[in-house]
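Engineer: Following this message is one structure expressed as structure tokens.
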Amino acid sequence: MKRRMLIILVLLICLNAGCWDLREVEDLGYVMAMAIDSGPQGKIRLIAQVPNPRVLGGGQRGGITPGASIAAKPYRNYEGTGSTIFDALREISRESSRRLFFAQNRTLIFSEAMAEKGVGGVLDFLKRSVEIRHGLTMVFVARGDPAKILDIPNPHATVPALRIDDIVRWRGQTSRFAPVPLSRFLETLSLEGQEPYAGVIEAAFNPAAQVREGEKAALEPPLTLRLTGAALFRNDRMVGFLDETETRGLLWVLNEVKGGQIVFPCPGQEGKKATIEILRANAKIEPEITEDGIIMTVKIREEGNLVEVEGPLDTSKPEVIKELDRLHAAAIGNEVMAAVYKAQELGSDAFGFGEAFRRKFPREWKKIKRDWPEIFPGIEVRVQVVAHIRRMGMTGKPPFLAP
Amino acid sequence: MRKRVVKKLHHLIRNYAYKAAGKNTGPDDMDWIHQAVVEKYDLERIPIEADLATNIKRLKGISGYCPDFIIRQFEIGGGIGEAAAIFLEGMVERVLLNENLLKPLMIHYRPFKPARGSFLDQILSVALPVDVVKKCVNLHEVIDHVLEGSVVLLVDGESEGLALEAAGFKTRVPEEPMTEAVVRGSREGFTEALHTNITLLRRRLKTPNLVLESMVLGRISHTQVVVGYVRGLAAPELVAEVRERLKRIDIDGILESNYLEELLRDHPLSPFPQAITTERPDRVAANLLEGRVAILTENTPFVLIVPGELVAHMQSPEDFYHHFILGVFIRLLRWCAFAVSLLLPSVYVAVTTFHQEMIPIRLLLNIVAAREGVPFPAVVEALVMEIAFEILREAGVRLPRAVGQAVSIVGALVIGEAAVMAGVVSPLMVIVVALTGISSFLSPSFDLAISIRILRFPMMFLAGLLGLFGVATGMLAVLIHLAGLRSVGLPYLAGLTPFHHDDWKDLFIRAPLWMMRRRPAELSENNRKRQASGLKPEPPDRHPQGGTI
């Protein structure tokens with residue numbers, strides 16, 4: 001009897017408590033990219049990109065061609081305006097047949113205006129929401145209208161959000177833009193000795209879209225999507241941009257360079273250039289307190305492959321290699337210094353020099369941390385680069401080199 | 001004690017009833033025997049009379065004048081004495097009966113002078129070239145031997161009969177087992193004939209320590225059941241326990257070994273099999289070598305092996321017939337398939353309806369696209385498809401072979417193609433169900449596959465209700481249940497836990513033979529070493545003296 005009651009109770013629990021969280025896959029709208037812009041009258045404008053699985057899903061349904069009917073468009077950008085971000089989100093639900101679902105969102109774009117105004121208020125929602133995944137979401141600042149950027153067609157990745165995701169995945173090809181996960185962004189925001197940074201996304205002119213005379217209208221869209229450089233923040237406000245060289249300078253110090261190319265003058269040959277492909281790199285910040293003030297020494301070790309030399313160069317000679325090592329180390333040092341100067345000018349310690357200082361001199365840090373924004377632009381930064389070329393490629397001596 | 005009293009009472013009442021009906025209850029009134037149920041204790045009270053005619057009359061009455069119950073009356077040696085051969089047609093070997101019994105007695109028999117012993121002894125010693133002969137003194141023994149396929153010889157003037165073993169009924173020859181086919185290995189399978197099965201086993205274990213204990217179970221079926229084990233390997237307590245449990249069985253008929261399994265299980269309500277069933281003599285032999293006990297049942301090719309814990313159900317004899325690397329691979333594959341067949345549909349349902357964030361976006365979009373327009377929730381879809389699959393599978397087993405093919409084609413087309421085209425189910429669900437179904441066939445034990453098949457449904461139900469939390473709860477429940485199970489006293493998870501280093505060599509992997517030096521720890525505590533050490537083959541120049549056991 002007792003047993004029977006137990007079974008009945010368990011069944012009751014199952015049947016009454018069950019299914020409350022149930023949502024079928026096809027009932028959800030998977031937001032893959034979100035853009036937050038500041039609208040008129042202090043309102044917030046929100047753009048959410050939701051893919052259309054009917055077009056995207058594999059199988060026999062086949063691909064699409066740009067410019068086809070609305071039904072065949074692989075994504076839909078919902079736009080909502082509200083007083084707060086959640087308000088704007090719920091506005092969108094009035095036109096979306098599916099419940100918006102944010103756990104698959106991987107791109108978060110702030111418009112330039114929004115970033116300059118300060119993102120702190122908006123970030124609170126992103127921190128509180130259970131659906132937003134901080135490790136998955138990459139933070140960007142858009143140059144130009146984010147709605148436009150999120151609507152640039154591309155034949156390979158049919159959804160702009162997926163395209164951005166793929167570009168981020170191959171960031172090691174250049175290391176010239178700085179995507180940052182939301183988790184890292186929030187972490188640096190909370191640190192006293194480090195300021196946040198974000199990647200920059202822009203709609204660039206698409207050279208392939210030019211229509212030459214006598215040709216029919218190009219199938220290429222006039223704009224193309226591009227990730228470039230970095231945006232520096234001071235607290236939650238954006239203070240300026242780094243160009244691509246400076247961005248890599250920042251990434252060297254942050255240990256975020258996963259690869260890329262370094263172009264530098266070819267030794268002993270006027271106007272000729274050599275190119276290195278970065279294999280791996282490692283950086284360390286060593287703070288020092290001297291009578292002249294604080295000195296930060298950035299020590300970078302880098303290894304690369306020689307991939308291109310314009311002038312005739314006998315790479316079988318050790319002294320040539322040494323010279324190449326020296327020159328490309330100098331190129332790396334220049335990148336870092338460019339970034340440091342720019343950051344000092346903008347007053348944003350995205351490198352985490354303050355953090356490095358706190359770790360080494362915690363007591364002294366307590367004294368200066370209030371003044372760090374004023375101290376940072378004046379500190380001296382030294383760069384020591386040890387660079388090595390590991391492989392020369394397939395060619396030996398160039399044939400036109402005199403013996 | 002109670003039984004005996006009841007029996008006696010029963011007998012008294014019956015005698016009283018006959019008397020009341022004005023009938024004579026003496027053994028010579030054959031009418032009542034013919035009409036009444038023949039009980040063993042009735043027959044035991046009727047001795048073999050010296051008068052042959054009386055015996056024959058009684059036997060005819062007992063047999064109920066069955067057409068196959070033959071009583072062949074003849075004269076010994078042309079008038080020396082009257083005799084009758086009693087046997088069941090079809091149960092005895094005709095040639096043996098004619099050549100070794102009738103011919104020597106009827107034609108060649110010459111009386112011996114001076115006579116030694118009784119007439120029966122004389123006949124036995126000079127005229128009956130039959131190997132196994134037993135004497136019987138009452139009608140129960142006569143009937144018993146006849147039913148087993150012996151020929152009983154009754155001679156006029158003798159109050160004893162001779163039972164000559166001449167069983168020669170038609171049996172199937174050993175064929176390749178249908179349920180446990182192998183690529184490499186013995187192609188012999190057990191048959192319905194017990195003596196053939198014993199021979200198959202003996203041929204594999206040629207040792208006097210292979211003990212076969214026979215008992216007869218089933219009040220009406222009188223099924224012979226043989227308990228086999230290797231003395232010195234099987235724990236005596238285990239053998240005693242099996243014997244005890246078998247003796248407890250008191251049932252009218254044992255038609256298949258599952259009758260025994262169900263009656264000797266430790267946990268009758270558990271869906272998990274608690275004995276290994278196999279048609280393969282090599283599998284039985286291998287298990288006997290591990291210290292297990294086999295139970296052979298007459299009239300079925302399926303032999304029970306106890307204890308049958310979980311790990312033993314995942315081991316196939318073929319694992320040891322191929323290179324051990326393949327064995328390792330197949331073992332791992334099998335455990336994976338085990339998990340897949342239990343969990344795949346429920347995990348699919350849980351993840352797609354509760355945890356969409358767990359699926360990589362591109363796969364997720366594919367799933368969404370596939371489910372677009374499907375009118376049912378994923379749980380319902382999964383349950384319907386799984387049931388449809390089970391229907392097809394069951395139909396495939398029952399259908400006549402010629403029709404089976406057609407049905408499976410139609411089934412596959414209807415379920416796989418048309419249902420997807422009609423948008424009733426998503427193509428992904430078809431993949432999930434098919435994968436699940438196929439995976440369940442990887443299990444070397446059909447019984448275990450059945451229990452997994454059945455457990456899949458509550459798992460799906462839980463997944464539909466509570467998502468992965470439900471699946472985890474279900475798995476936990478199954479694990480707790482497994483941990484509490486025993487198979488003839490052996491913990492069901494033996495081999496997995498408690499941890500024995502050597503046992504793990506034959507668990508998720510199949511280690512090379514030269515590494516598996518010990519028998520399963522929980523089974524053969526007293527005799528663990530199964531091979532000499534240092535058996536690993538090595539080039540001769542590096543080979544040491546060789547180990548000792």
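Numbering starts fresh at 1 for the residues of each chain in the structure tokens, the chains themselves are lettered A, B, ... in the order given, and ligands are numbered from 1 as they appear.
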Using only C-alpha atoms, determine which residues lie at most 12 Å from Asp166 in chain A, disregarding the query and same-chain residues fewer than 4 positions distant; provide the list as a ChimeraX atom specification.

Structural biologist: /A:106-107,138,156-162,170-173,179,226-227 /B:362

Engineer: Kindly export the residues of the current selection with N, CA and C atoms, as a compact mmCIF listing (two decimals), in the first residue's frame.

Structural biologist:
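Result file is again-v3.txt:
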# COMPACT_ATOMS: atom_id res chain seq x y z
N ARG A 106 26.35 35.08 -30.78
CA ARG A 106 27.80 35.11 -30.70
C ARG A 106 28.41 36.43 -31.12
N THR A 107 27.59 37.36 -31.50
CA THR A 107 28.13 38.65 -31.89
C THR A 107 27.32 39.76 -31.23
N MET A 138 31.13 37.67 -28.86
CA MET A 138 32.26 38.56 -29.15
C MET A 138 31.74 40.00 -29.22
N HIS A 156 29.04 33.06 -49.28
CA HIS A 156 29.59 31.90 -48.57
C HIS A 156 28.84 31.60 -47.28
N ALA A 157 28.90 32.55 -46.37
CA ALA A 157 28.15 32.38 -45.14
C ALA A 157 26.90 33.23 -45.31
N THR A 158 25.77 32.56 -45.40
CA THR A 158 24.57 33.27 -45.83
C THR A 158 24.03 34.20 -44.76
N VAL A 159 24.45 34.00 -43.53
CA VAL A 159 24.01 34.90 -42.47
C VAL A 159 25.20 35.75 -42.05
N PRO A 160 25.08 37.08 -42.03
CA PRO A 160 26.22 37.92 -41.65
C PRO A 160 26.81 37.51 -40.30
N ALA A 161 25.96 37.09 -39.36
CA ALA A 161 26.47 36.71 -38.04
C ALA A 161 27.43 35.53 -38.16
N LEU A 162 27.07 34.58 -39.02
CA LEU A 162 27.95 33.42 -39.21
C LEU A 162 29.24 33.84 -39.89
N TRP A 170 39.20 32.78 -37.90
CA TRP A 170 40.48 32.82 -38.62
C TRP A 170 41.28 34.06 -38.27
N ARG A 171 41.07 34.61 -37.10
CA ARG A 171 41.74 35.87 -36.77
C ARG A 171 43.25 35.72 -36.74
N GLY A 172 43.73 34.52 -36.50
CA GLY A 172 45.17 34.29 -36.48
C GLY A 172 45.84 34.50 -37.83
N GLN A 173 45.07 34.64 -38.88
CA GLN A 173 45.66 34.89 -40.19
C GLN A 173 46.35 36.25 -40.26
N PRO A 179 38.88 40.96 -31.68
CA PRO A 179 37.61 40.54 -31.09
C PRO A 179 37.83 40.14 -29.65
N ARG A 226 33.79 43.97 -42.92
CA ARG A 226 35.20 43.77 -42.60
C ARG A 226 35.45 44.00 -41.11
N LEU A 227 36.31 43.19 -40.55
CA LEU A 227 36.73 43.41 -39.17
C LEU A 227 38.08 44.09 -39.22
N ARG B 362 25.20 25.53 -36.36
CA ARG B 362 24.91 25.03 -37.72
C ARG B 362 24.08 23.76 -37.66

Engineer: Each residue of chain B with at least one atom at most 10 Å from chain A should appear once, together with its nearest atom pair and the corresponding distance in Å (one decimal); atoms considered: only C-alpha atoms; ordering: chain, then increasing residue number; output as JSON lines.

Structural biologist:
{"residue": "B:Val349", "atom": "CA", "partner": "A:Glu24", "partner_atom": "CA", "distance": 9.3}
{"residue": "B:Ala350", "atom": "CA", "partner": "A:Leu22", "partner_atom": "CA", "distance": 9.0}
{"residue": "B:Val351", "atom": "CA", "partner": "A:Val25", "partner_atom": "CA", "distance": 9.1}
{"residue": "B:Thr352", "atom": "CA", "partner": "A:Val25", "partner_atom": "CA", "distance": 5.6}
{"residue": "B:Thr353", "atom": "CA", "partner": "A:Glu24", "partner_atom": "CA", "distance": 4.7}
{"residue": "B:Phe354", "atom": "CA", "partner": "A:Leu22", "partner_atom": "CA", "distance": 5.5}
{"residue": "B:His355", "atom": "CA", "partner": "A:Arg23", "partner_atom": "CA", "distance": 9.0}
{"residue": "B:Gln356", "atom": "CA", "partner": "A:Val25", "partner_atom": "CA", "distance": 6.9}
{"residue": "B:Glu357", "atom": "CA", "partner": "A:Ala103", "partner_atom": "CA", "distance": 5.3}
{"residue": "B:Met358", "atom": "CA", "partner": "A:Gln104", "partner_atom": "CA", "distance": 8.7}
{"residue": "B:Ile359", "atom": "CA", "partner": "A:Gln104", "partner_atom": "CA", "distance": 8.7}
{"residue": "B:Pro360", "atom": "CA", "partner": "A:Gln104", "partner_atom": "CA", "distance": 8.2}
{"residue": "B:Ile361", "atom": "CA", "partner": "A:Gln104", "partner_atom": "CA", "distance": 6.7}
{"residue": "B:Arg362", "atom": "CA", "partner": "A:Gly57", "partner_atom": "CA", "distance": 8.0}
{"residue": "B:Leu363", "atom": "CA", "partner": "A:Gly57", "partner_atom": "CA", "distance": 8.3}
{"residue": "B:Leu364", "atom": "CA", "partner": "A:Val25", "partner_atom": "CA", "distance": 8.1}
{"residue": "B:Leu365", "atom": "CA", "partner": "A:Pro53", "partner_atom": "CA", "distance": 5.3}
{"residue": "B:Asn366", "atom": "CA", "partner": "A:Gly57", "partner_atom": "CA", "distance": 4.1}
{"residue": "B:Ile367", "atom": "CA", "partner": "A:Gly57", "partner_atom": "CA", "distance": 7.3}
{"residue": "B:Val368", "atom": "CA", "partner": "A:Glu26", "partner_atom": "CA", "distance": 5.0}
{"residue": "B:Ala369", "atom": "CA", "partner": "A:Gly57", "partner_atom": "CA", "distance": 4.8}
{"residue": "B:Ala370", "atom": "CA", "partner": "A:Gly57", "partner_atom": "CA", "distance": 7.2}
{"residue": "B:Arg371", "atom": "CA", "partner": "A:Glu26", "partner_atom": "CA", "distance": 6.4}
{"residue": "B:Glu372", "atom": "CA", "partner": "A:Glu26", "partner_atom": "CA", "distance": 6.0}
{"residue": "B:Gly373", "atom": "CA", "partner": "A:Glu26", "partner_atom": "CA", "distance": 8.4}
{"residue": "B:Val374", "atom": "CA", "partner": "A:Glu26", "partner_atom": "CA", "distance": 9.0}
{"residue": "B:Phe376", "atom": "CA", "partner": "A:Glu24", "partner_atom": "CA", "distance": 9.5}
{"residue": "B:Pro377", "atom": "CA", "partner": "A:Glu24", "partner_atom": "CA", "distance": 6.7}
{"residue": "B:Ala378", "atom": "CA", "partner": "A:Glu24", "partner_atom": "CA", "distance": 7.1}
{"residue": "B:Val379", "atom": "CA", "partner": "A:Glu24", "partner_atom": "CA", "distance": 9.7}
{"residue": "B:Pro427", "atom": "CA", "partner": "A:Gly59", "partner_atom": "CA", "distance": 9.5}
{"residue": "B:Phe461", "atom": "CA", "partner": "A:Cys14", "partner_atom": "CA", "distance": 9.8}
{"residue": "B:Leu462", "atom": "CA", "partner": "A:Cys14", "partner_atom": "CA", "distance": 8.1}
{"residue": "B:Ala463", "atom": "CA", "partner": "A:Cys19", "partner_atom": "CA", "distance": 9.5}
{"residue": "B:Gly464", "atom": "CA", "partner": "A:Cys19", "partner_atom": "CA", "distance": 7.1}
{"residue": "B:Leu465", "atom": "CA", "partner": "A:Gly18", "partner_atom": "CA", "distance": 4.6}
{"residue": "B:Leu466", "atom": "CA", "partner": "A:Gly18", "partner_atom": "CA", "distance": 5.8}
{"residue": "B:Gly467", "atom": "CA", "partner": "A:Leu22", "partner_atom": "CA", "distance": 8.0}
{"residue": "B:Gly470", "atom": "CA", "partner": "A:Cys14", "partner_atom": "CA", "distance": 9.4}

Engineer: Select, from A:Gly120, A:Gly333, A:Leu250, A:Ile149, the residue with the minimum atom-to-atom distance to Phe205 in chain A, counting only C-alpha atoms.

Structural biologist: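 Between A:Gly120, A:Gly333, A:Leu250, A:Ile149, the residue approaching Phe205 in chain A most closely is A:Ile149.
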
Engineer: Would you compute the distance between CA of Pro345 in chain B and CA of Leu507 in chain B? Give it in Å to one decimal.

Structural biologist: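 Those two atoms sit 25.7 Å apart.
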
Engineer: Run DSSP on the backbone and tell me which residues of range 212-314 of chain B come out as helix (DSSP H, G or I); list them as number ranges by chain.

Structural biologist: B: 236-248, 257-264, 281-289, 310-313

Engineer: Hey, which of B:His222, B:Arg45, B:Lys170, B:His140 ends up closest to Glu192 in chain B? Count only C-alpha atoms.

Structural biologist: B:Lys170

Engineer: Please provide the set of residues having any atom within 12 Å of Ala343 in chain A, restricted to only C-alpha atoms, with same-chain residues fewer than 2 positions apart removed, written as a PyMOL selection string.

Structural biologist: chain A and resi 194-197+230-234+238-243+246-247+249-250+336-341+345-353+373+376-379+381

Engineer: For Thr81 in chain A, which residue among A:Val298, A:Ile47, A:Leu150, A:Ile262 is the nearest when counting only C-alpha atoms?

Structural biologist: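 Distance minimum relative to Thr81 in chain A lands on A:Ile47.
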
Engineer: Run DSSP on the backbone of this structure and report the residues of range 153-330 of chain A it assigns to strand (DSSP E), as a PyMOL selection string.

Structural biologist: chain A and resi 180-181+197-205+223-234+237-242+260-265+273-290+293-309

Engineer: Write out as a PDB file with N, CA and C atoms, in the first residue's frame each polymer residue whose atoms come within 12 Å of Thr315 in chain A, counting only C-alpha atoms; drop sequence neighbours fewer than 2 positions from it.

Structural biologist:
ATOM      1  N   CYS A 266      63.948  44.597 -46.436  1.00  0.00           N
ATOM      2  CA  CYS A 266      64.897  43.523 -46.686  1.00  0.00           C
ATOM      3  C   CYS A 266      66.307  44.044 -46.396  1.00  0.00           C
ATOM      4  N   PRO A 267      67.090  43.291 -45.638  1.00  0.00           N
ATOM      5  CA  PRO A 267      68.404  43.818 -45.252  1.00  0.00           C
ATOM      6  C   PRO A 267      69.307  44.043 -46.472  1.00  0.00           C
ATOM      7  N   ALA A 274      60.773  42.112 -47.026  1.00  0.00           N
ATOM      8  CA  ALA A 274      60.699  40.694 -46.654  1.00  0.00           C
ATOM      9  C   ALA A 274      59.463  40.507 -45.764  1.00  0.00           C
ATOM     10  N   LEU A 306      60.041  32.507 -42.614  1.00  0.00           N
ATOM     11  CA  LEU A 306      60.263  33.437 -43.710  1.00  0.00           C
ATOM     12  C   LEU A 306      59.412  32.969 -44.884  1.00  0.00           C
ATOM     13  N   VAL A 307      58.515  33.825 -45.357  1.00  0.00           N
ATOM     14  CA  VAL A 307      57.655  33.378 -46.450  1.00  0.00           C
ATOM     15  C   VAL A 307      57.912  34.124 -47.748  1.00  0.00           C
ATOM     16  N   GLU A 308      58.531  35.292 -47.676  1.00  0.00           N
ATOM     17  CA  GLU A 308      58.668  36.076 -48.901  1.00  0.00           C
ATOM     18  C   GLU A 308      59.861  37.024 -48.762  1.00  0.00           C
ATOM     19  N   VAL A 309      60.730  37.011 -49.745  1.00  0.00           N
ATOM     20  CA  VAL A 309      61.828  37.990 -49.781  1.00  0.00           C
ATOM     21  C   VAL A 309      61.863  38.561 -51.184  1.00  0.00           C
ATOM     22  N   GLY A 311      64.125  40.906 -52.536  1.00  0.00           N
ATOM     23  CA  GLY A 311      65.448  41.021 -53.129  1.00  0.00           C
ATOM     24  C   GLY A 311      66.201  39.701 -53.053  1.00  0.00           C
ATOM     25  N   PRO A 312      67.304  39.570 -53.799  1.00  0.00           N
ATOM     26  CA  PRO A 312      68.098  38.348 -53.715  1.00  0.00           C
ATOM     27  C   PRO A 312      68.821  38.304 -52.369  1.00  0.00           C
ATOM     28  N   LEU A 313      68.607  37.232 -51.658  1.00  0.00           N
ATOM     29  CA  LEU A 313      69.143  37.147 -50.305  1.00  0.00           C
ATOM     30  C   LEU A 313      69.567  35.713 -50.054  1.00  0.00           C
ATOM     31  N   LYS A 317      73.100  31.754 -45.075  1.00  0.00           N
ATOM     32  CA  LYS A 317      74.148  32.325 -44.235  1.00  0.00           C
ATOM     33  C   LYS A 317      73.582  32.727 -42.883  1.00  0.00           C
ATOM     34  N   PRO A 318      74.214  32.298 -41.805  1.00  0.00           N
ATOM     35  CA  PRO A 318      73.696  32.636 -40.469  1.00  0.00           C
ATOM     36  C   PRO A 318      73.623  34.135 -40.227  1.00  0.00           C
ATOM     37  N   GLU A 319      74.571  34.870 -40.760  1.00  0.00           N
ATOM     38  CA  GLU A 319      74.541  36.302 -40.461  1.00  0.00           C
ATOM     39  C   GLU A 319      73.355  36.990 -41.135  1.00  0.00           C
ATOM     40  N   VAL A 320      72.936  36.435 -42.271  1.00  0.00           N
ATOM     41  CA  VAL A 320      71.752  36.992 -42.933  1.00  0.00           C
ATOM     42  C   VAL A 320      70.531  36.749 -42.070  1.00  0.00           C
ATOM     43  N   ILE A 321      70.454  35.536 -41.540  1.00  0.00           N
ATOM     44  CA  ILE A 321      69.316  35.196 -40.685  1.00  0.00           C
ATOM     45  C   ILE A 321      69.299  36.108 -39.463  1.00  0.00           C
ATOM     46  N   LYS A 322      70.466  36.312 -38.893  1.00  0.00           N
ATOM     47  CA  LYS A 322      70.547  37.171 -37.704  1.00  0.00           C
ATOM     48  C   LYS A 322      70.025  38.561 -38.016  1.00  0.00           C
ATOM     49  N   GLU A 323      70.418  39.038 -39.191  1.00  0.00           N
ATOM     50  CA  GLU A 323      69.979  40.368 -39.601  1.00  0.00           C
ATOM     51  C   GLU A 323      68.455  40.396 -39.768  1.00  0.00           C
ATOM     52  N   LEU A 324      67.919  39.320 -40.387  1.00  0.00           N
ATOM     53  CA  LEU A 324      66.473  39.227 -40.556  1.00  0.00           C
ATOM     54  C   LEU A 324      65.776  39.212 -39.193  1.00  0.00           C
ATOM     55  N   ASP A 325      66.339  38.430 -38.276  1.00  0.00           N
ATOM     56  CA  ASP A 325      65.782  38.365 -36.926  1.00  0.00           C
ATOM     57  C   ASP A 325      65.718  39.755 -36.310  1.00  0.00           C
ATOM     58  N   ILE A 389      63.737  33.333 -36.732  1.00  0.00           N
ATOM     59  CA  ILE A 389      63.160  32.735 -37.933  1.00  0.00           C
ATOM     60  C   ILE A 389      63.431  31.239 -37.853  1.00  0.00           C
ATOM     61  N   ARG A 390      62.406  30.446 -38.007  1.00  0.00           N
ATOM     62  CA  ARG A 390      62.560  28.999 -37.860  1.00  0.00           C
ATOM     63  C   ARG A 390      62.766  28.278 -39.188  1.00  0.00           C
ATOM     64  N   ARG A 391      62.042  28.689 -40.203  1.00  0.00           N
ATOM     65  CA  ARG A 391      62.153  27.996 -41.497  1.00  0.00           C
ATOM     66  C   ARG A 391      62.243  29.007 -42.627  1.00  0.00           C
ATOM     67  N   MET A 392      62.960  28.628 -43.668  1.00  0.00           N
ATOM     68  CA  MET A 392      63.202  29.553 -44.783  1.00  0.00           C
ATOM     69  C   MET A 392      62.294  29.264 -45.965  1.00  0.00           C
ATOM     70  N   GLY A 393      61.527  28.216 -45.872  1.00  0.00           N
ATOM     71  CA  GLY A 393      60.710  27.854 -47.032  1.00  0.00           C
ATOM     72  C   GLY A 393      61.440  26.891 -47.929  1.00  0.00           C
ATOM     73  N   MET A 394      60.907  26.631 -49.109  1.00  0.00           N
ATOM     74  CA  MET A 394      61.417  25.572 -49.975  1.00  0.00           C
ATOM     75  C   MET A 394      62.645  25.966 -50.770  1.00  0.00           C
ATOM     76  N   THR A 395      62.793  27.251 -51.056  1.00  0.00           N
ATOM     77  CA  THR A 395      63.918  27.655 -51.910  1.00  0.00           C
ATOM     78  C   THR A 395      65.210  27.742 -51.112  1.00  0.00           C
ATOM     79  N   GLY A 396      66.319  27.507 -51.814  1.00  0.00           N
ATOM     80  CA  GLY A 396      67.626  27.687 -51.204  1.00  0.00           C
ATOM     81  C   GLY A 396      68.170  29.045 -51.631  1.00  0.00           C
ATOM     82  N   LYS A 397      69.332  28.988 -52.262  1.00  0.00           N
ATOM     83  CA  LYS A 397      69.926  30.230 -52.761  1.00  0.00           C
ATOM     84  C   LYS A 397      69.131  30.727 -53.950  1.00  0.00           C
ATOM     85  N   PRO A 398      68.881  32.021 -54.014  1.00  0.00           N
ATOM     86  CA  PRO A 398      68.229  32.530 -55.228  1.00  0.00           C
ATOM     87  C   PRO A 398      69.155  32.352 -56.420  1.00  0.00           C
ATOM     88  N   LEU A 401      71.637  35.099 -57.605  1.00  0.00           N
ATOM     89  CA  LEU A 401      72.605  35.629 -56.657  1.00  0.00           C
ATOM     90  C   LEU A 401      74.023  35.308 -57.163  1.00  0.00           C
TER      91      LEU A 401
END

Engineer: Just want the 9 Å neighbourhood of Thr277 in chain B, counted on only C-alpha atoms, with same-chain residues fewer than 2 positions away dropped. Output as a list in words.

Structural biologist: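 So, after excluding close chain neighbours, the residues are Ser257, Asn258, Pro273, Ala275, Glu279, Phe302, Val303, Leu304, Ile305, Gly308, Ser445, Phe446 and Asp447 of chain B.
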
Engineer: Can I get the selection written as a short mmCIF file (atom, residue, chain, number, x, y, z; two decimals), in the first residue's frame, with N, CA and C atoms?

Structural biologist:
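Contents of out.cif, freshly written:
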data_model
loop_
_atom_site.label_atom_id
_atom_site.label_comp_id
_atom_site.auth_asym_id
_atom_site.auth_seq_id
_atom_site.Cartn_x
_atom_site.Cartn_y
_atom_site.Cartn_z
N SER B 257 14.28 -23.09 -21.18
CA SER B 257 15.14 -22.77 -20.04
C SER B 257 14.71 -21.48 -19.34
N ASN B 258 13.91 -20.66 -20.02
CA ASN B 258 13.46 -19.45 -19.35
C ASN B 258 12.55 -19.76 -18.17
N PRO B 273 18.48 -9.24 -17.37
CA PRO B 273 18.64 -10.69 -17.34
C PRO B 273 19.64 -11.08 -16.27
N ALA B 275 20.76 -14.32 -15.93
CA ALA B 275 21.52 -15.49 -16.35
C ALA B 275 21.85 -15.29 -17.82
N GLU B 279 23.35 -20.31 -27.12
CA GLU B 279 23.22 -21.51 -27.94
C GLU B 279 24.60 -22.08 -28.27
N PHE B 302 18.85 -23.62 -25.75
CA PHE B 302 19.37 -22.50 -24.97
C PHE B 302 19.81 -22.96 -23.58
N VAL B 303 21.07 -22.73 -23.31
CA VAL B 303 21.65 -23.14 -22.04
C VAL B 303 21.76 -21.91 -21.15
N LEU B 304 21.45 -22.09 -19.89
CA LEU B 304 21.59 -20.98 -18.95
C LEU B 304 22.97 -21.04 -18.31
N ILE B 305 23.55 -19.87 -18.11
CA ILE B 305 24.81 -19.80 -17.37
C ILE B 305 24.60 -18.84 -16.21
N GLY B 308 25.02 -14.53 -14.10
CA GLY B 308 25.14 -13.75 -15.32
C GLY B 308 25.07 -12.28 -14.99
N SER B 445 24.21 -10.27 -26.05
CA SER B 445 23.18 -10.96 -25.29
C SER B 445 21.82 -10.39 -25.69
N PHE B 446 21.00 -11.24 -26.24
CA PHE B 446 19.69 -10.79 -26.69
C PHE B 446 18.86 -10.32 -25.50
N ASP B 447 19.03 -10.99 -24.37
CA ASP B 447 18.24 -10.63 -23.19
C ASP B 447 18.56 -9.23 -22.71
#

Engineer: Figure out the distance between CA of Phe110 in chain A and CA of Trp372 in chain A, please, to one decimal in Å.

Structural biologist: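 Calculated distance between CA of Trp372 in chain A and CA of Phe110 in chain A is 26.8 Å.
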
Engineer: If I take CA of Ser270 in chain B and CA of Ser451 in chain B, how far is one from the other in Å, to one decimal?

Structural biologist: 9.0 Å
